[in-house]
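To be precise, the following lines are my_file-v3.txt, and they hold compact mmCIF, C-alpha atoms (C1' of nucleotides).
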# COMPACT_ATOMS: atom_id res chain seq x y z
CA MET A 405 0.00 0.00 0.00
CA LYS A 406 1.32 3.43 -0.93
CA LEU A 407 0.18 6.69 0.60
CA ALA A 408 1.24 10.27 -0.01
CA THR A 409 0.57 13.81 1.11
CA TRP A 410 0.94 17.02 -0.89
CA ASN A 411 0.15 20.65 -0.16
CA VAL A 412 -0.74 21.80 -3.67
CA ASN A 413 -1.31 25.52 -2.93
CA SER A 414 -4.47 25.81 -5.05
CA LEU A 415 -5.91 22.68 -6.65
CA THR A 416 -7.31 24.85 -9.43
CA VAL A 417 -3.81 25.82 -10.52
CA ARG A 418 -2.17 22.48 -9.71
CA LEU A 419 -4.73 19.94 -10.99
CA PRO A 420 -2.73 19.13 -14.17
CA GLN A 421 0.36 18.52 -12.04
CA VAL A 422 -1.59 16.34 -9.61
CA LEU A 423 -2.89 14.22 -12.50
CA ASP A 424 0.60 13.95 -14.00
CA TRP A 425 2.05 13.00 -10.66
CA LEU A 426 -0.59 10.32 -10.03
CA ALA A 427 0.05 8.86 -13.47
CA THR A 428 3.72 8.44 -12.52
CA ASN A 429 3.04 7.62 -8.85
CA PRO A 430 -0.16 5.56 -8.73
CA VAL A 431 -0.46 5.67 -4.94
CA ASP A 432 -3.43 4.12 -3.14
CA VAL A 433 -4.11 7.26 -1.13
CA LEU A 434 -3.18 10.90 -1.69
CA ALA A 435 -3.98 13.54 0.92
CA LEU A 436 -4.14 17.08 -0.48
CA GLN A 437 -3.95 20.36 1.41
CA GLU A 438 -4.58 23.99 0.54
CA LEU A 439 -7.18 23.29 -2.11
CA LYS A 440 -8.30 26.93 -1.96
CA LEU A 441 -11.61 26.03 -3.56
CA THR A 442 -15.14 25.18 -2.51
CA ASP A 443 -16.62 21.68 -2.83
CA ASP A 444 -18.74 22.67 -5.84
CA LYS A 445 -15.53 23.45 -7.76
CA PHE A 446 -13.75 20.22 -6.78
CA PRO A 447 -12.57 18.27 -9.88
CA PHE A 448 -14.27 14.95 -9.08
CA ASP A 449 -14.66 13.99 -12.76
CA ALA A 450 -11.04 14.53 -13.79
CA LEU A 451 -9.84 12.54 -10.80
CA ALA A 452 -12.37 9.76 -11.46
CA ARG A 453 -11.04 9.44 -15.00
CA ALA A 454 -7.60 8.98 -13.44
CA GLY A 455 -9.00 6.18 -11.27
CA TYR A 456 -9.44 8.06 -8.01
CA LEU A 457 -12.37 8.51 -5.69
CA ALA A 458 -12.30 11.72 -3.71
CA GLN A 459 -13.56 13.01 -0.39
CA CYS A 460 -13.18 16.73 -0.11
CA PHE A 461 -13.61 19.40 2.51
CA GLY A 462 -13.22 22.65 0.70
CA GLN A 463 -13.25 26.30 1.64
CA LYS A 464 -13.20 29.51 -0.31
CA THR A 465 -9.80 31.22 -0.77
CA TYR A 466 -7.89 29.46 2.03
CA ASN A 467 -7.34 25.98 3.45
CA GLY A 468 -9.34 23.04 2.13
CA VAL A 469 -8.27 19.38 2.26
CA ALA A 470 -9.11 16.16 0.42
CA LEU A 471 -8.43 12.44 0.41
CA LEU A 472 -8.04 10.72 -2.95
CA SER A 473 -8.14 6.94 -3.01
CA ARG A 474 -8.46 3.99 -5.34
CA ALA A 475 -10.55 2.03 -2.80
CA PRO A 476 -13.65 3.51 -1.17
CA ALA A 477 -13.14 5.81 1.81
CA LEU A 478 -15.30 4.74 4.75
CA ASP A 479 -16.46 6.64 7.85
CA VAL A 480 -15.39 10.03 6.53
CA VAL A 481 -15.02 12.72 9.20
CA ARG A 482 -14.38 16.40 8.58
CA ASN A 483 -12.29 18.51 10.97
CA ILE A 484 -11.55 17.60 14.58
CA PRO A 485 -14.56 16.31 16.53
CA GLY A 486 -14.73 18.20 19.81
CA PHE A 487 -12.73 21.17 18.51
CA ALA A 488 -14.82 23.98 17.05
CA ASP A 489 -13.11 25.43 13.98
CA ASP A 490 -14.45 27.41 11.05
CA MET A 491 -11.51 26.47 8.83
CA ALA A 492 -11.42 23.34 6.66
CA ARG A 493 -8.21 21.67 7.81
CA VAL A 494 -8.76 17.97 8.48
CA ILE A 495 -10.38 15.06 6.70
CA SER A 496 -10.17 11.44 7.78
CA ALA A 497 -11.42 8.10 6.52
CA THR A 498 -10.78 4.38 6.69
CA ILE A 499 -9.20 3.14 3.46
CA ASP A 500 -8.04 -0.46 2.93
CA GLY A 501 -8.36 -1.01 6.69
CA VAL A 502 -6.11 1.92 7.61
CA ARG A 503 -7.42 5.01 9.37
CA VAL A 504 -6.04 7.91 7.34
CA ILE A 505 -6.04 11.48 8.62
CA GLY A 506 -5.06 14.24 6.21
CA ALA A 507 -4.40 17.60 7.84
CA TYR A 508 -3.41 21.16 7.07
CA PHE A 509 -2.02 22.45 10.34
CA PRO A 510 -2.30 26.19 11.05
CA ASN A 511 0.63 28.32 9.96
CA GLY A 512 0.80 30.43 13.10
CA GLN A 513 2.32 33.42 11.32
CA GLU A 514 4.44 34.70 14.20
CA PRO A 515 5.17 33.50 17.75
CA GLY A 516 3.07 35.45 20.22
CA SER A 517 0.42 36.42 17.66
CA GLU A 518 -3.26 35.51 17.84
CA LYS A 519 -2.71 33.06 15.01
CA PHE A 520 0.07 31.43 16.98
CA ASP A 521 -2.27 30.95 19.96
CA TYR A 522 -4.83 29.44 17.59
CA LYS A 523 -2.17 27.08 16.26
CA LEU A 524 -1.27 25.87 19.76
CA ASN A 525 -4.94 25.41 20.70
CA TRP A 526 -5.57 23.56 17.45
CA LEU A 527 -2.60 21.28 18.12
CA LYS A 528 -3.95 20.48 21.59
CA GLY A 529 -7.39 19.75 20.10
CA LEU A 530 -5.85 17.48 17.47
CA ARG A 531 -3.81 15.61 20.07
CA ASP A 532 -6.80 14.98 22.35
CA TRP A 533 -8.76 13.62 19.39
CA VAL A 534 -5.94 11.53 17.87
CA ARG A 535 -5.40 9.88 21.27
CA GLU A 536 -8.95 8.52 21.06
CA GLU A 537 -8.68 7.69 17.36
CA LEU A 538 -5.64 5.53 18.06
CA LYS A 539 -7.62 3.50 20.58
CA ALA A 540 -10.34 2.87 18.01
CA HIS A 541 -7.98 2.45 15.03
CA PRO A 542 -4.57 0.94 15.86
CA LYS A 543 -3.57 1.13 12.20
CA LEU A 544 -3.45 4.90 11.75
CA VAL A 545 -1.64 7.36 9.47
CA LEU A 546 -1.59 11.09 10.25
CA MET A 547 -0.14 13.01 7.33
CA GLY A 548 -0.14 16.47 5.90
CA ASP A 549 1.36 19.92 6.11
CA TYR A 550 2.27 20.23 9.79
CA ASN A 551 3.90 23.63 9.53
CA ILE A 552 6.35 22.47 12.21
CA THR A 553 9.94 21.24 12.01
CA PHE A 554 11.05 18.49 14.38
CA ASP A 555 14.56 19.81 14.94
CA ASP A 556 17.55 21.53 13.35
CA ALA A 557 17.96 18.75 10.78
CA ASP A 558 14.67 19.92 9.25
CA VAL A 559 15.84 23.53 8.84
CA TRP A 560 18.21 24.98 6.22
CA ASP A 561 19.46 27.70 8.58
CA PRO A 562 18.84 26.58 12.17
CA ALA A 563 20.76 29.47 13.72
CA GLY A 564 19.12 32.17 11.62
CA LEU A 565 15.63 30.71 12.02
CA LYS A 566 15.90 29.85 15.71
CA ASP A 567 12.61 30.55 17.54
CA THR A 568 10.89 31.74 14.35
CA ILE A 569 7.59 30.27 13.16
CA HIS A 570 7.75 26.47 12.50
CA CYS A 571 10.84 26.28 14.69
CA THR A 572 9.68 27.35 18.17
CA ASP A 573 9.92 25.21 21.28
CA GLU A 574 6.15 25.49 21.77
CA GLU A 575 5.36 24.05 18.35
CA ARG A 576 7.98 21.33 18.66
CA TYR A 577 6.67 20.40 22.10
CA GLU A 578 3.26 19.77 20.55
CA LEU A 579 4.79 17.71 17.75
CA ARG A 580 6.67 15.55 20.24
CA ALA A 581 3.48 15.20 22.28
CA LEU A 582 1.78 13.79 19.18
CA ILE A 583 4.65 11.33 18.75
CA ALA A 584 4.28 10.36 22.41
CA LEU A 585 0.77 9.09 21.71
CA GLY A 586 2.38 6.17 19.90
CA LEU A 587 3.27 7.60 16.50
CA HIS A 588 6.48 7.60 14.48
CA ASP A 589 7.98 10.06 12.00
CA ALA A 590 8.04 7.69 9.03
CA TYR A 591 10.67 9.73 7.19
CA ARG A 592 13.26 9.24 9.94
CA LEU A 593 12.71 5.49 10.09
CA PHE A 594 14.90 5.34 7.00
CA LYS A 595 18.32 6.65 5.99
CA GLN A 596 17.87 10.06 4.37
CA ALA A 597 20.18 12.55 2.72
CA ASP A 598 21.25 15.56 4.79
CA LYS A 599 19.41 18.80 4.10
CA SER A 600 16.20 17.10 3.01
CA TYR A 601 13.23 19.45 2.97
CA SER A 602 9.61 19.40 1.81
CA TRP A 603 9.02 23.15 1.39
CA TRP A 604 11.04 25.95 -0.17
CA ASP A 605 10.14 29.64 -0.28
CA TYR A 606 9.11 30.87 -3.71
CA ARG A 607 11.22 33.93 -3.13
CA ASP A 608 14.94 34.38 -3.54
CA PHE A 609 15.52 31.12 -5.45
CA GLY A 610 14.71 29.11 -2.33
CA PHE A 611 14.48 25.78 -4.13
CA ARG A 612 17.53 26.27 -6.32
CA ARG A 613 19.59 27.13 -3.23
CA ASN A 614 17.90 24.39 -1.18
CA ARG A 615 16.82 26.88 1.43
CA GLY A 616 13.96 24.81 2.78
CA LEU A 617 12.16 23.30 5.72
CA ARG A 618 10.83 19.81 6.35
CA ILE A 619 7.32 20.61 7.52
CA ASP A 620 5.27 17.98 5.64
CA HIS A 621 5.18 14.77 7.64
CA ILE A 622 3.73 11.28 7.69
CA LEU A 623 3.25 9.91 11.20
CA ILE A 624 2.38 6.23 11.54
CA SER A 625 1.12 4.27 14.53
CA ASP A 626 2.99 1.55 16.42
CA ALA A 627 0.95 -1.11 14.62
CA LEU A 628 2.00 0.20 11.20
CA LYS A 629 5.66 0.82 12.00
CA PRO A 630 6.79 -2.74 11.22
CA MET A 631 4.97 -2.55 7.88
CA ALA A 632 6.75 0.59 6.64
CA THR A 633 9.27 -0.14 3.89
CA ALA A 634 10.11 3.33 2.54
CA CYS A 635 9.41 7.03 3.00
CA VAL A 636 10.65 9.64 0.55
CA ILE A 637 10.16 13.26 -0.47
CA ASP A 638 9.60 13.64 -4.21
CA LYS A 639 11.22 16.88 -5.31
CA THR A 640 10.34 16.30 -8.96
CA PRO A 641 7.13 18.39 -9.01
CA ARG A 642 8.96 21.33 -7.39
CA LYS A 643 10.93 21.57 -10.66
CA ASN A 644 7.73 22.06 -12.70
CA GLU A 645 6.76 25.35 -14.21
CA ARG A 646 4.44 27.06 -11.66
CA PRO A 647 5.11 24.53 -8.91
CA SER A 648 3.55 24.30 -5.48
CA ASP A 649 5.99 25.51 -2.85
CA HIS A 650 5.64 22.06 -1.20
CA ALA A 651 6.83 18.67 -2.44
CA PRO A 652 4.85 15.44 -1.95
CA VAL A 653 5.93 12.95 0.72
CA LEU A 654 5.37 9.24 0.05
CA LEU A 655 5.07 6.25 2.36
CA GLU A 656 5.20 2.61 1.33
CA LEU A 657 3.62 -0.03 3.57
CA LEU A 658 3.84 -3.79 3.17
C1' DA B 1422 14.53 44.91 3.75
C1' DT B 1423 7.23 45.23 7.47
C1' DG B 1424 11.28 42.80 0.75
C1' DC B 1425 12.03 39.01 -2.29
C1' DC B 1426 7.15 34.95 -4.94
C1' DT B 1427 2.47 33.03 -5.53
C1' DC B 1428 -2.49 32.73 -5.11
C1' DA B 1429 -7.45 34.33 -4.48
C1' DG B 1430 -10.58 37.91 -4.92
C1' DC B 1431 -16.09 42.41 -3.84
C1' DT B 1432 -8.94 41.68 -8.62
C1' DC B 1433 -4.77 46.50 -10.88
C1' DC B 1434 -3.96 46.20 -4.51
C1' DT B 1435 -4.27 43.48 -0.25
C1' DG B 1436 -3.92 39.50 2.99
C1' DA B 1437 -1.90 35.28 3.76
C1' DG B 1438 1.23 31.87 3.19
C1' DA B 1439 5.82 29.84 5.60
Translate this file's structure into structure tokens.
Amino acid sequence: MKLATWNVNSLTVRLPQVLDWLATNPVDVLALQELKLTDDKFPFDALARAGYLAQCFGQKTYNGVALLSRAPALDVVRNIPGFADDMARVISATIDGVRVIGAYFPNGQEPGSEKFDYKLNWLKGLRDWVREELKAHPKLVLMGDYNITFDDADVWDPAGLKDTIHCTDEERYELRALIALGLHDAYRLFKQADKSYSWWDYRDFGFRRNRGLRIDHILISDALKPMATACVIDKTPRKNERPSDHAPVLLELL
DNA sequence: ATGCCTCAGCTCCTGAGA
């Protein structure tokens, strides 16, 4: 079974690239973030022609997430039960016996800001919910755009970006607290090249200079850990004309 | 350097992203 996550930064703009990518990488599940479109504009037909069913949770202008799958998605849930939120950030479903959660974590903008407080509250809400989900679904994947780096290895300039957004102790504490529920950073289960990132700023030739962050993650539960055989970041789409600023992350399970 | 790109929208500037 192959799963992937990709923040596409507008599905309207990126749909051709998503279809190309799926043709080359026929994963079983693809979680998308930052659709930036409403459900009525979601390209169900084009994806169906490519062999994918889709569950979407759209929103105008910002946010919006979806789960694409070859097999039917069961027990679909939108956002975090028990956490009131007017933004479309989370969609989950059971696919091929695996509970899959696709999420677009809040950006947080700047430490100390209102948006930062919202991010920390959101993270707490997610954690309280995922704790219960894990009890009900031992085989669980939580993947998406986390907007948090684990540590310096995920940051192109750790000294210069110390304590800035995505790199603060508060955010990293919440990420470790998620891990402590019984999850694993699938990417670090395998040998990876140094300076591996999943996002590069559009500005200042960020990608060309590999000035990036690893903020897109796939966390897998204890029960799935022994089944993981590979986890990679695919930088290929970042080389496209008009790319998303994020690259897809792929997980292979036995 | 409160900028640099990119995207959406009550679109020719602004807010947000990260």
**Message:** Residues within 7 Å of (2.8, 30.2, -0.6), file coordinates, counting only C-alpha atoms (C1' of nucleotides): what are they? Give the list as a ChimeraX atom specification.
**Reply:** /A:413,649 /B:1427,1438-1439
**Request:** For A:Leu434, list every protein, DNA or RNA residue within 9 Å, evaluated using only C-alpha atoms (C1' of nucleotides), and leave out those in the same chain fewer than 3 positions away; present the list as a list in words.
**Result:**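 Final neighbour list, sorted by chain and number: Lys406, Leu407, Ala408, Thr409, Trp410, Leu426, Val431, Ala470, Leu471, Leu472, Ser473, Gly506 and Leu654 of chain A.
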Kindly export the residues of the current selection with C-alpha atoms, as a tab-separated table (two decimals), in the coordinates of the input.
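Wrote it out as result_32.tsv, contents follow:
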chain	number	residue	atom	x	y	z
A	406	LYS	CA	1.32	3.43	-0.93
A	407	LEU	CA	0.18	6.69	0.60
A	408	ALA	CA	1.24	10.27	-0.01
A	409	THR	CA	0.57	13.81	1.11
A	410	TRP	CA	0.94	17.02	-0.89
A	426	LEU	CA	-0.59	10.32	-10.03
A	431	VAL	CA	-0.46	5.67	-4.94
A	470	ALA	CA	-9.11	16.16	0.42
A	471	LEU	CA	-8.43	12.44	0.41
A	472	LEU	CA	-8.04	10.72	-2.95
A	473	SER	CA	-8.14	6.94	-3.01
A	506	GLY	CA	-5.06	14.24	6.21
A	654	LEU	CA	5.37	9.24	0.05
**Request:** Identify all chain B residues at most 6 Å from chain A by counting only C-alpha atoms (C1' of nucleotides); ligands do not count. Present them as number ranges by chain.
**Result:** B: 1425-1426, 1429
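When atom CA of A:Val545 is paired with atom CA of A:Phe520, their separation reads 25.3 Å.
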**Message:** Tell me which residues come within 9 Å of (-7.7, 5.7, -7.6), as a list of chain:residue names, counting all atoms listed in the file in the file's coordinates.
**Reply:** A:Leu426, A:Pro430, A:Val431, A:Asp432, A:Val433, A:Leu451, A:Ala452, A:Arg453, A:Ala454, A:Gly455, A:Tyr456, A:Leu457, A:Ala458, A:Leu472, A:Ser473, A:Arg474, A:Ala475
**Request:** For stretch 593-597 of chain A, work out the shell of residues within 10 Å, counting only C-alpha atoms (C1' of nucleotides) and skipping chain neighbours fewer than 2 positions away, then give it as a ChimeraX atom specification.
**Result:** /A:588-591,599-601,629,632-637
**Item:** Length of the atom CA of A:Val534 to atom CA of A:Pro447 vector [Å]
**Value:** 29.3 Å
